[in-house]
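Next comes my_file_16.pdb, with PDB, C-alpha atoms.
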```pdb
ATOM      1  CA  MET B   1      23.240 -45.908 -20.409
ATOM      2  CA  ARG B   2      22.020 -49.414 -19.601
ATOM      3  CA  TRP B   3      18.672 -49.398 -17.829
ATOM      4  CA  LEU B   4      18.395 -53.150 -17.309
ATOM      5  CA  SER B   5      20.817 -56.056 -17.263
ATOM      6  CA  TYR B   6      20.990 -58.190 -20.401
ATOM      7  CA  GLU B   7      19.454 -61.089 -18.464
ATOM      8  CA  VAL B   8      16.405 -59.051 -17.316
ATOM      9  CA  GLU B   9      16.041 -57.347 -20.696
ATOM     10  CA  ASN B  10      16.078 -60.680 -22.536
ATOM     11  CA  ALA B  11      13.582 -62.204 -20.114
ATOM     12  CA  LEU B  12      11.176 -59.277 -20.571
ATOM     13  CA  GLY B  13      11.619 -59.416 -24.329
ATOM     14  CA  ASP B  14      10.876 -63.140 -24.422
ATOM     15  CA  ALA B  15       7.724 -62.623 -22.355
ATOM     16  CA  ALA B  16       6.357 -59.781 -24.495
ATOM     17  CA  PRO B  17       3.637 -60.517 -27.058
ATOM     18  CA  GLN B  18       5.132 -60.924 -30.520
ATOM     19  CA  GLN B  19       3.094 -57.986 -31.883
ATOM     20  CA  LEU B  20       4.745 -55.624 -29.374
ATOM     21  CA  LYS B  21       8.348 -56.679 -29.963
ATOM     22  CA  PRO B  22       9.148 -54.335 -32.900
ATOM     23  CA  VAL B  23       7.975 -51.208 -31.064
ATOM     24  CA  LEU B  24       9.636 -52.365 -27.830
ATOM     25  CA  ARG B  25      12.952 -52.738 -29.672
ATOM     26  CA  ILE B  26      12.667 -49.186 -30.985
ATOM     27  CA  GLY B  27      11.703 -47.888 -27.539
ATOM     28  CA  ARG B  28      14.655 -49.671 -25.962
ATOM     29  CA  ASP B  29      17.041 -48.099 -28.462
ATOM     30  CA  VAL B  30      15.583 -44.617 -27.964
ATOM     31  CA  LEU B  31      15.999 -44.946 -24.201
ATOM     32  CA  ARG B  32      19.638 -45.893 -24.724
ATOM     33  CA  GLY B  33      20.219 -42.842 -26.877
ATOM     34  CA  PHE B  34      20.871 -44.726 -30.096
ATOM     35  CA  TRP B  35      20.283 -43.399 -33.563
ATOM     36  CA  PRO B  36      18.159 -43.743 -36.710
ATOM     37  CA  ARG B  37      19.814 -44.718 -39.994
ATOM     38  CA  GLN B  38      20.686 -41.177 -41.121
ATOM     39  CA  VAL B  39      22.502 -40.446 -37.861
ATOM     40  CA  ALA B  40      24.184 -43.863 -37.944
ATOM     41  CA  ASP B  41      25.532 -43.176 -41.438
ATOM     42  CA  TYR B  42      26.910 -39.836 -40.263
ATOM     43  CA  ARG B  43      28.570 -41.405 -37.229
ATOM     44  CA  LEU B  44      29.973 -44.159 -39.434
ATOM     45  CA  ALA B  45      31.779 -41.592 -41.563
ATOM     46  CA  HIS B  46      33.211 -39.776 -38.520
ATOM     47  CA  TRP B  47      34.182 -42.690 -36.285
ATOM     48  CA  PRO B  48      37.458 -42.141 -34.362
ATOM     49  CA  ARG B  49      40.532 -43.717 -35.955
ATOM     50  CA  ASP B  50      42.527 -44.255 -32.766
ATOM     51  CA  PRO B  51      40.657 -47.003 -30.872
ATOM     52  CA  GLU B  52      42.234 -48.753 -27.883
ATOM     53  CA  LEU B  53      39.505 -50.829 -26.245
ATOM     54  CA  PHE B  54      38.209 -54.023 -27.820
ATOM     55  CA  SER B  55      34.684 -52.614 -28.089
ATOM     56  CA  GLU B  56      36.093 -49.525 -29.819
ATOM     57  CA  LYS B  57      38.020 -51.679 -32.283
ATOM     58  CA  VAL B  58      34.883 -53.659 -33.135
ATOM     59  CA  GLN B  59      33.160 -50.358 -33.936
ATOM     60  CA  TYR B  60      36.231 -49.239 -35.906
ATOM     61  CA  ARG B  61      36.000 -52.421 -38.002
ATOM     62  CA  VAL B  62      32.322 -51.735 -38.611
ATOM     63  CA  ALA B  63      33.171 -48.216 -39.777
ATOM     64  CA  TYR B  64      36.253 -48.788 -41.934
ATOM     65  CA  ASP B  65      37.054 -52.455 -42.657
ATOM     66  CA  ARG B  66      35.735 -53.506 -46.085
ATOM     67  CA  ARG B  67      37.731 -56.674 -46.733
ATOM     68  CA  PRO B  68      35.761 -59.340 -48.644
ATOM     69  CA  HIS B  69      36.423 -62.123 -46.156
ATOM     70  CA  LEU B  70      34.149 -60.365 -43.641
ATOM     71  CA  THR B  71      31.220 -61.010 -45.974
ATOM     72  CA  VAL B  72      32.243 -64.660 -46.349
ATOM     73  CA  PHE B  73      32.336 -65.055 -42.570
ATOM     74  CA  ALA B  74      28.924 -63.385 -42.110
ATOM     75  CA  ASP B  75      27.221 -65.746 -44.584
ATOM     76  CA  LYS B  76      26.097 -68.813 -42.605
ATOM     77  CA  ALA B  77      25.858 -70.837 -45.817
ATOM     78  CA  GLY B  78      28.851 -69.456 -47.707
ATOM     79  CA  VAL B  79      31.238 -69.819 -44.764
ATOM     80  CA  ARG B  80      30.843 -73.595 -44.951
ATOM     81  CA  ASP B  81      33.106 -73.713 -48.020
ATOM     82  CA  PHE B  82      35.777 -71.684 -46.208
ATOM     83  CA  VAL B  83      35.660 -74.026 -43.212
ATOM     84  CA  ALA B  84      35.763 -77.160 -45.363
ATOM     85  CA  GLU B  85      38.853 -75.859 -47.163
ATOM     86  CA  ARG B  86      40.663 -74.714 -43.991
ATOM     87  CA  VAL B  87      39.965 -77.561 -41.573
ATOM     88  CA  GLY B  88      37.906 -80.169 -43.432
ATOM     89  CA  PRO B  89      34.216 -80.869 -44.086
ATOM     90  CA  HIS B  90      34.024 -83.317 -41.175
ATOM     91  CA  LEU B  91      33.830 -80.318 -38.813
ATOM     92  CA  LEU B  92      30.598 -79.032 -40.367
ATOM     93  CA  THR B  93      27.079 -79.770 -39.198
ATOM     94  CA  THR B  94      24.992 -81.981 -41.458
ATOM     95  CA  CYS B  95      23.231 -79.675 -43.918
ATOM     96  CA  ILE B  96      19.713 -80.754 -44.872
ATOM     97  CA  GLY B  97      19.315 -77.962 -47.416
ATOM     98  CA  ILE B  98      19.841 -74.332 -48.392
ATOM     99  CA  TYR B  99      16.794 -72.587 -49.854
ATOM    100  CA  GLU B 100      15.849 -69.209 -51.276
ATOM    101  CA  SER B 101      12.229 -69.499 -50.151
ATOM    102  CA  ALA B 102      10.217 -71.507 -47.638
ATOM    103  CA  ARG B 103       8.178 -72.764 -50.607
ATOM    104  CA  ASP B 104      11.205 -74.803 -51.671
ATOM    105  CA  VAL B 105      11.384 -76.765 -48.404
ATOM    106  CA  ALA B 106       9.950 -80.290 -48.327
ATOM    107  CA  TRP B 107       8.614 -79.894 -44.795
ATOM    108  CA  ALA B 108       7.205 -83.409 -44.566
ATOM    109  CA  ASP B 109      10.645 -84.886 -45.247
ATOM    110  CA  LEU B 110      12.460 -83.068 -42.423
ATOM    111  CA  PRO B 111      13.676 -85.079 -39.421
ATOM    112  CA  ARG B 112      11.897 -84.840 -36.104
ATOM    113  CA  GLU B 113      14.509 -82.405 -34.734
ATOM    114  CA  TYR B 114      16.370 -79.771 -36.738
ATOM    115  CA  ALA B 115      17.618 -76.172 -36.782
ATOM    116  CA  ILE B 116      16.437 -73.621 -39.346
ATOM    117  CA  LYS B 117      18.360 -70.356 -39.728
ATOM    118  CA  ALA B 118      18.531 -67.199 -41.788
ATOM    119  CA  THR B 119      21.945 -67.085 -43.466
ATOM    120  CA  HIS B 120      22.208 -63.289 -43.717
ATOM    121  CA  GLY B 121      21.898 -62.030 -40.149
ATOM    122  CA  SER B 122      22.515 -62.647 -36.462
ATOM    123  CA  GLY B 123      19.676 -64.417 -34.705
ATOM    124  CA  GLY B 124      16.912 -65.601 -36.972
ATOM    125  CA  ILE B 125      16.753 -69.208 -35.800
ATOM    126  CA  VAL B 126      14.146 -71.807 -34.935
ATOM    127  CA  LEU B 127      15.264 -74.921 -33.064
ATOM    128  CA  VAL B 128      12.840 -77.822 -33.285
ATOM    129  CA  ALA B 129      13.926 -79.966 -30.363
ATOM    130  CA  ASP B 130      12.512 -82.406 -27.841
ATOM    131  CA  PHE B 131      14.252 -80.501 -25.021
ATOM    132  CA  ALA B 132      12.215 -77.320 -25.667
ATOM    133  CA  ASP B 133       9.840 -76.095 -22.980
ATOM    134  CA  ALA B 134       6.443 -77.724 -23.401
ATOM    135  CA  ASP B 135       4.747 -74.314 -23.216
ATOM    136  CA  ASN B 136       6.745 -72.761 -26.056
ATOM    137  CA  ARG B 137       4.786 -71.829 -29.159
ATOM    138  CA  LEU B 138       5.695 -70.166 -32.452
ATOM    139  CA  PRO B 139       4.006 -66.939 -33.571
ATOM    140  CA  THR B 140       0.932 -67.582 -35.687
ATOM    141  CA  SER B 141       2.409 -65.323 -38.359
ATOM    142  CA  GLY B 142       5.826 -63.974 -39.296
ATOM    143  CA  ARG B 143       4.412 -60.468 -39.662
ATOM    144  CA  HIS B 144       5.963 -59.097 -36.462
ATOM    145  CA  VAL B 145       9.053 -61.307 -36.432
ATOM    146  CA  GLY B 146      12.546 -59.804 -36.357
ATOM    147  CA  TRP B 147      15.869 -61.516 -35.744
ATOM    148  CA  ASP B 148      14.299 -63.589 -32.992
ATOM    149  CA  ARG B 149      15.257 -67.015 -31.677
ATOM    150  CA  TYR B 150      12.647 -69.679 -31.020
ATOM    151  CA  THR B 151      12.848 -73.142 -29.485
ATOM    152  CA  VAL B 152       9.845 -75.391 -29.854
ATOM    153  CA  ARG B 153       9.025 -79.073 -29.530
ATOM    154  CA  PRO B 154       8.401 -81.061 -32.730
ATOM    155  CA  GLU B 155       4.686 -81.450 -31.984
ATOM    156  CA  HIS B 156       4.348 -77.649 -31.908
ATOM    157  CA  ALA B 157       6.509 -76.978 -34.990
ATOM    158  CA  GLU B 158       3.710 -76.266 -37.451
ATOM    159  CA  PRO B 159       5.304 -76.023 -40.928
ATOM    160  CA  GLN B 160       3.063 -73.125 -41.979
ATOM    161  CA  ARG B 161       4.195 -71.069 -38.972
ATOM    162  CA  ILE B 162       7.891 -71.808 -39.537
ATOM    163  CA  ALA B 163       7.482 -71.028 -43.239
ATOM    164  CA  SER B 164       5.889 -67.680 -42.408
ATOM    165  CA  ILE B 165       8.770 -66.827 -40.065
ATOM    166  CA  ALA B 166      11.383 -67.907 -42.626
ATOM    167  CA  ASP B 167       9.774 -65.867 -45.394
ATOM    168  CA  LYS B 168       9.816 -62.812 -43.135
ATOM    169  CA  TRP B 169      13.542 -63.355 -42.593
ATOM    170  CA  MET B 170      14.023 -63.284 -46.346
ATOM    171  CA  ALA B 171      12.549 -59.760 -46.411
ATOM    172  CA  LEU B 172      14.794 -58.445 -43.601
ATOM    173  CA  ASP B 173      18.110 -56.643 -44.043
ATOM    174  CA  TYR B 174      20.553 -57.129 -41.175
ATOM    175  CA  GLU B 175      23.104 -54.563 -42.348
ATOM    176  CA  TYR B 176      21.464 -51.831 -40.303
ATOM    177  CA  GLY B 177      19.285 -51.992 -37.209
ATOM    178  CA  THR B 178      18.088 -49.127 -35.052
ATOM    179  CA  GLY B 179      20.762 -48.178 -32.571
ATOM    180  CA  ARG B 180      23.893 -49.508 -34.261
ATOM    181  CA  LEU B 181      26.267 -48.635 -37.041
ATOM    182  CA  PRO B 182      25.552 -50.243 -40.441
ATOM    183  CA  GLU B 183      27.463 -53.541 -40.489
ATOM    184  CA  PHE B 184      29.185 -53.851 -43.854
ATOM    185  CA  ALA B 185      29.767 -57.611 -43.645
ATOM    186  CA  TYR B 186      26.055 -58.330 -44.089
ATOM    187  CA  ARG B 187      25.503 -55.953 -47.014
ATOM    188  CA  ASP B 188      26.106 -58.469 -49.812
ATOM    189  CA  VAL B 189      25.090 -61.722 -48.115
ATOM    190  CA  PRO B 190      22.277 -63.292 -50.148
ATOM    191  CA  PRO B 191      19.215 -64.053 -47.999
ATOM    192  CA  ARG B 192      18.740 -67.795 -47.783
ATOM    193  CA  ILE B 193      17.302 -70.403 -45.443
ATOM    194  CA  LEU B 194      19.686 -72.972 -43.961
ATOM    195  CA  ILE B 195      18.336 -76.159 -42.395
ATOM    196  CA  GLU B 196      20.718 -78.390 -40.432
ATOM    197  CA  ASN B 197      20.463 -81.464 -38.265
ATOM    198  CA  LEU B 198      20.176 -80.529 -34.596
ATOM    199  CA  LEU B 199      23.501 -80.855 -32.778
ATOM    200  CA  GLU B 200      22.885 -82.481 -29.394
ATOM    201  CA  ASP B 201      25.094 -84.026 -26.741
ATOM    202  CA  SER B 202      24.510 -87.272 -24.862
ATOM    203  CA  ARG B 203      22.124 -85.484 -22.459
ATOM    204  CA  GLY B 204      19.837 -84.487 -25.322
ATOM    205  CA  ARG B 205      20.810 -80.821 -25.008
ATOM    206  CA  ILE B 206      22.481 -78.433 -27.430
ATOM    207  CA  ALA B 207      26.210 -79.190 -27.384
ATOM    208  CA  SER B 208      28.419 -76.796 -25.404
ATOM    209  CA  ASP B 209      29.311 -73.640 -27.332
ATOM    210  CA  TRP B 210      32.965 -72.530 -27.105
ATOM    211  CA  LYS B 211      33.654 -68.980 -28.315
ATOM    212  CA  CYS B 212      37.315 -68.580 -29.202
ATOM    213  CA  PHE B 213      38.806 -65.070 -29.427
ATOM    214  CA  VAL B 214      41.572 -65.493 -32.013
ATOM    215  CA  PHE B 215      44.027 -62.664 -32.771
ATOM    216  CA  ASP B 216      46.464 -63.088 -35.685
ATOM    217  CA  GLY B 217      45.965 -66.832 -35.526
ATOM    218  CA  VAL B 218      46.541 -67.103 -31.761
ATOM    219  CA  LEU B 219      43.722 -68.045 -29.399
ATOM    220  CA  ARG B 220      43.914 -65.726 -26.409
ATOM    221  CA  ILE B 221      40.766 -66.640 -24.476
ATOM    222  CA  VAL B 222      37.864 -68.995 -24.952
ATOM    223  CA  THR B 223      34.473 -68.788 -23.269
ATOM    224  CA  ILE B 224      32.055 -71.635 -22.893
ATOM    225  CA  GLU B 225      28.364 -70.996 -23.234
ATOM    226  CA  SER B 226      26.438 -73.602 -21.244
ATOM    227  CA  ASP B 227      22.726 -74.334 -21.770
ATOM    228  CA  ARG B 228      22.275 -71.314 -24.044
ATOM    229  CA  TYR B 229      18.550 -71.981 -24.434
ATOM    230  CA  GLY B 230      17.997 -72.677 -20.750
ATOM    231  CA  ASP B 231      19.919 -71.416 -17.707
ATOM    232  CA  HIS B 232      22.559 -69.645 -19.799
ATOM    233  CA  ARG B 233      25.927 -69.283 -18.014
ATOM    234  CA  GLN B 234      29.462 -68.454 -19.128
ATOM    235  CA  GLU B 235      33.001 -69.383 -18.123
ATOM    236  CA  VAL B 236      36.336 -68.167 -19.536
ATOM    237  CA  PHE B 237      39.698 -69.924 -20.021
ATOM    238  CA  ASP B 238      43.053 -69.044 -21.514
ATOM    239  CA  ARG B 239      44.797 -70.959 -24.297
ATOM    240  CA  ASP B 240      46.274 -73.432 -21.801
ATOM    241  CA  GLY B 241      42.913 -74.214 -20.260
ATOM    242  CA  THR B 242      43.419 -72.157 -17.093
ATOM    243  CA  ARG B 243      40.157 -70.804 -15.709
ATOM    244  CA  LEU B 244      40.186 -66.986 -15.610
ATOM    245  CA  GLY B 245      37.093 -66.088 -13.586
ATOM    246  CA  ARG B 246      34.170 -63.866 -14.499
ATOM    247  CA  PHE B 247      33.871 -62.500 -18.035
ATOM    248  CA  LEU B 248      30.420 -61.249 -19.078
ATOM    249  CA  SER B 249      28.209 -63.199 -16.698
ATOM    250  CA  ASP B 250      28.514 -65.288 -13.558
ATOM    251  CA  PRO B 251      29.801 -68.836 -14.020
ATOM    252  CA  PRO B 252      27.485 -71.744 -13.244
ATOM    253  CA  ASP B 253      27.453 -73.319  -9.785
ATOM    254  CA  GLU B 254      28.891 -76.512 -11.244
ATOM    255  CA  LEU B 255      32.015 -75.553 -13.178
ATOM    256  CA  THR B 256      32.688 -77.101 -16.558
ATOM    257  CA  PRO B 257      35.655 -79.468 -16.842
ATOM    258  CA  LEU B 258      37.853 -78.995 -19.877
ATOM    259  CA  PRO B 259      36.908 -81.437 -22.618
ATOM    260  CA  ALA B 260      39.351 -84.206 -23.457
ATOM    261  CA  ASN B 261      39.755 -82.681 -26.921
ATOM    262  CA  PHE B 262      40.527 -79.131 -25.736
ATOM    263  CA  ASP B 263      43.864 -79.110 -27.575
ATOM    264  CA  GLU B 264      42.060 -80.017 -30.792
ATOM    265  CA  LEU B 265      39.546 -77.224 -30.185
ATOM    266  CA  VAL B 266      42.412 -74.720 -29.843
ATOM    267  CA  ALA B 267      44.074 -76.033 -33.009
ATOM    268  CA  VAL B 268      40.864 -75.769 -35.050
ATOM    269  CA  ALA B 269      40.171 -72.236 -33.823
ATOM    270  CA  GLU B 270      43.689 -71.089 -34.653
ATOM    271  CA  ALA B 271      43.568 -72.695 -38.085
ATOM    272  CA  LEU B 272      40.344 -70.861 -38.900
ATOM    273  CA  GLY B 273      41.778 -67.574 -37.598
ATOM    274  CA  ARG B 274      45.126 -67.888 -39.376
ATOM    275  CA  GLY B 275      46.087 -64.709 -41.247
ATOM    276  CA  ILE B 276      43.206 -62.665 -39.771
ATOM    277  CA  ASP B 277      43.762 -59.801 -37.325
ATOM    278  CA  PHE B 278      40.758 -60.869 -35.237
ATOM    279  CA  VAL B 279      37.845 -63.247 -35.530
ATOM    280  CA  ARG B 280      35.759 -64.991 -32.908
ATOM    281  CA  VAL B 281      35.584 -68.653 -33.822
ATOM    282  CA  ASP B 282      32.511 -70.355 -32.363
ATOM    283  CA  LEU B 283      32.822 -74.125 -32.023
ATOM    284  CA  TYR B 284      30.654 -76.834 -30.499
ATOM    285  CA  ASP B 285      32.081 -79.628 -28.398
ATOM    286  CA  VAL B 286      30.010 -82.808 -28.396
ATOM    287  CA  ASP B 287      30.790 -84.775 -25.242
ATOM    288  CA  GLY B 288      34.528 -84.216 -25.584
ATOM    289  CA  ASP B 289      34.540 -86.518 -28.622
ATOM    290  CA  ARG B 290      33.788 -84.247 -31.554
ATOM    291  CA  ILE B 291      34.432 -80.627 -32.493
ATOM    292  CA  VAL B 292      31.825 -79.027 -34.780
ATOM    293  CA  PHE B 293      31.982 -75.612 -36.415
ATOM    294  CA  GLY B 294      29.416 -73.032 -35.322
ATOM    295  CA  GLU B 295      30.173 -69.679 -36.932
ATOM    296  CA  LEU B 296      32.779 -66.957 -37.454
ATOM    297  CA  THR B 297      31.864 -63.681 -35.775
ATOM    298  CA  ASN B 298      33.209 -60.385 -37.126
ATOM    299  CA  TYR B 299      31.502 -57.977 -34.720
ATOM    300  CA  PRO B 300      30.968 -59.518 -31.257
ATOM    301  CA  GLY B 301      28.078 -57.698 -29.626
ATOM    302  CA  ALA B 302      28.186 -55.149 -32.499
ATOM    303  CA  GLY B 303      30.764 -53.348 -30.354
ATOM    304  CA  ARG B 304      28.027 -52.437 -27.869
ATOM    305  CA  GLN B 305      28.519 -55.314 -25.465
ATOM    306  CA  THR B 306      29.471 -54.081 -22.024
ATOM    307  CA  PHE B 307      32.765 -55.791 -21.193
ATOM    308  CA  PRO B 308      34.383 -55.254 -17.809
ATOM    309  CA  GLU B 309      36.981 -52.515 -18.401
ATOM    310  CA  GLU B 310      39.855 -54.870 -17.585
ATOM    311  CA  TRP B 311      38.783 -57.277 -20.326
ATOM    312  CA  ASP B 312      37.881 -54.547 -22.788
ATOM    313  CA  ARG B 313      41.395 -53.139 -22.493
ATOM    314  CA  LYS B 314      43.168 -56.508 -22.495
ATOM    315  CA  LEU B 315      41.330 -57.783 -25.582
ATOM    316  CA  GLY B 316      41.960 -54.468 -27.297
ATOM    317  CA  ALA B 317      45.701 -54.720 -26.634
ATOM    318  CA  TRP B 318      45.813 -58.140 -28.312
ATOM    319  CA  TRP B 319      44.161 -56.813 -31.459
ATOM    320  CA  THR B 320      46.440 -55.124 -34.004
ATOM    321  CA  LEU B 321      44.079 -53.681 -36.593
ATOM    322  CA  ALA B 322      44.858 -54.716 -40.170
ATOM    323  CA  VAL B 323      43.299 -51.703 -41.881
TER     324      VAL B 323
END
```

Have the structure of the file written as structure tokens, please.
Amino acid sequence: MRWLSYEVENALGDAAPQQLKPVLRIGRDVLRGFWPRQVADYRLAHWPRDPELFSEKVQYRVAYDRRPHLTVFADKAGVRDFVAERVGPHLLTTCIGIYESARDVAWADLPREYAIKATHGSGGIVLVADFADADNRLPTSGRHVGWDRYTVRPEHAEPQRIASIADKWMALDYEYGTGRLPEFAYRDVPPRILIENLLEDSRGRIASDWKCFVFDGVLRIVTIESDRYGDHRQEVFDRDGTRLGRFLSDPPDELTPLPANFDELVAVAEALGRGIDFVRVDLYDVDGDRIVFGELTNYPGAGRQTFPEEWDRKLGAWWTLAV
């Protein structure tokens, strides 16, 4: 049962003091009727083998699919080699460095704006960007940090605070979290810190994020995530660029025109999804001039995302499970 919308829940979570976030996460999961690890392991072993809906097939993959490429896709550092081989290194963000500890980072040498991420989970990101809200601040310590996302201006990006957050990430295990099945893909991903140049468009904002649902190498739908760290909105298109209406949230008041390189975006997504029963290929479009790889997503929403039934059934029908 969902007590609050995702938008309200996220807003309340962002406003909560950092020290309260861990217990609030547990409380949220208890209210939803989710399970501790022992119960999750039991459910994992008894998950139904006849899924039809997309959300059910995501959960089925979590329970039974153990193919090695899922681990490659989940590793934010390791997947870069896969992408470079499939579609070329020019589609990757500029990597400043990959580190095993925050102690290895030369903080004084970093550019004014950058993105720092944990490679072994979902979330776990700090964006240091001029467009961040002037009131945003980082936690004074990483002690109570989980897989949170932070956006902060360069003048408030104290290296000791970011280092504390990054070191906490290195101690976290994303495979299991309260309220969801253990996600195999993350089990063997080595915990590392990835620092990249910030990817901005001509407006000085994060480039538009296109999430491509690719089934057996064919892009079926693509959603665009606009202003993800501001007034987050979503639109959905088919492979031909036809707008399909509401998907998971209301579209923005000003609809997004298709980029001039939409055909290239489709081609890149399908190349990365070739030979795979399903993967969500996340790509950035920079002003219609450049496509940049974001990530490959094995388990959208961990199978818990509440899709409209029409979409849940339609996406499920496109997905022929490989195992």

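The residue that comes closest to His120 in chain B, out of B:Arg187, B:His144, B:Arg49, B:His90 and on the basis of only C-alpha atoms, is B:Arg187.
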
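Ranking B:Val58, B:Ala45, B:Leu53, B:Leu70 by their shortest atom-to-atom distance to Ala185 in chain B, with only C-alpha atoms included, puts B:Leu70 first.
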
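CA of Pro300 in chain B sits 9.7 Å away from CA of Phe54 in chain B.
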
Please evaluate the PyMOL selection byres ((chain B and resi 259) around 10) against the displayed coordinates and give the resulting residues as a PDB file with C-alpha atoms, in the frame of the given file.
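Final output, saved to selection.pdb:
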```pdb
ATOM      1  CA  GLY B 241      42.913 -74.214 -20.260  1.00  0.00           C
ATOM      2  CA  THR B 256      32.688 -77.101 -16.558  1.00  0.00           C
ATOM      3  CA  PRO B 257      35.655 -79.468 -16.842  1.00  0.00           C
ATOM      4  CA  LEU B 258      37.853 -78.995 -19.877  1.00  0.00           C
ATOM      5  CA  ALA B 260      39.351 -84.206 -23.457  1.00  0.00           C
ATOM      6  CA  ASN B 261      39.755 -82.681 -26.921  1.00  0.00           C
ATOM      7  CA  PHE B 262      40.527 -79.131 -25.736  1.00  0.00           C
ATOM      8  CA  ASP B 263      43.864 -79.110 -27.575  1.00  0.00           C
ATOM      9  CA  GLU B 264      42.060 -80.017 -30.792  1.00  0.00           C
ATOM     10  CA  LEU B 265      39.546 -77.224 -30.185  1.00  0.00           C
ATOM     11  CA  ASP B 285      32.081 -79.628 -28.398  1.00  0.00           C
ATOM     12  CA  VAL B 286      30.010 -82.808 -28.396  1.00  0.00           C
ATOM     13  CA  ASP B 287      30.790 -84.775 -25.242  1.00  0.00           C
ATOM     14  CA  GLY B 288      34.528 -84.216 -25.584  1.00  0.00           C
ATOM     15  CA  ASP B 289      34.540 -86.518 -28.622  1.00  0.00           C
ATOM     16  CA  ARG B 290      33.788 -84.247 -31.554  1.00  0.00           C
TER      17      ARG B 290
END
```

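Proximity to Ala74 in chain B was assessed for B:Gln19, B:Thr119, B:Thr223, B:Gln160 counting all atoms listed in the file; the smallest distance is recorded for B:Thr119.
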
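Across the structure, CA of Gln305 in chain B and CA of Asp133 in chain B are spaced 28.1 Å apart.
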
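Look at Gly294 in chain B: the protein and nucleic acid residues within 7 Å of it, using all atoms listed in the file and passing over chain neighbours fewer than 4 places away, are Asp282, Leu283 and Tyr284 of chain B.
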
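Taking CA of Tyr42 in chain B as the reference point, CA of Tyr299 in chain B is found at 19.5 Å.
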
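Across B:Leu92, B:Val83, B:Ile193, B:Val126, the tightest approach to Gly273 in chain B is made by B:Val83 when counting all atoms listed in the file.
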
Find the residues of range 188-297 of chain B that sit at most 10 Å from range 174-178 of chain B; for each, write down the nearest two atoms and how far apart they are in Å, to one decimal. Count only C-alpha atoms. Sort by chain, then by number going up, and give it as a tab-separated table.
```
residue	atom	partner	partner_atom	distance
B:Asp188	CA	B:Glu175	CA	8.9
B:Val189	CA	B:Glu175	CA	9.4
B:Pro191	CA	B:Tyr174	CA	9.8
```

I would like the residues chosen by the PyMOL selection byres ((chain B and resi 200) around 10) on the shown file; could you give them as an MDAnalysis selection string?
chainID B and resid 113 129 131 197:199 201:208 284:287

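Applied to this file, the PyMOL selection byres ((chain B and resi 51) around 12) selects the residues Trp47, Pro48, Arg49, Asp50, Glu52, Leu53, Phe54, Ser55, Glu56, Lys57, Val58, Gln59, Tyr60, Arg61, Ala63, Gly303, Asp312, Arg313, Gly316, Ala317, Trp319, Thr320 and Leu321 of chain B.
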
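Here the question is which of B:Ala132, B:Gly142, B:Gln234, B:Ile221 gets nearest to Leu315 in chain B using only C-alpha atoms, and that residue is B:Ile221.
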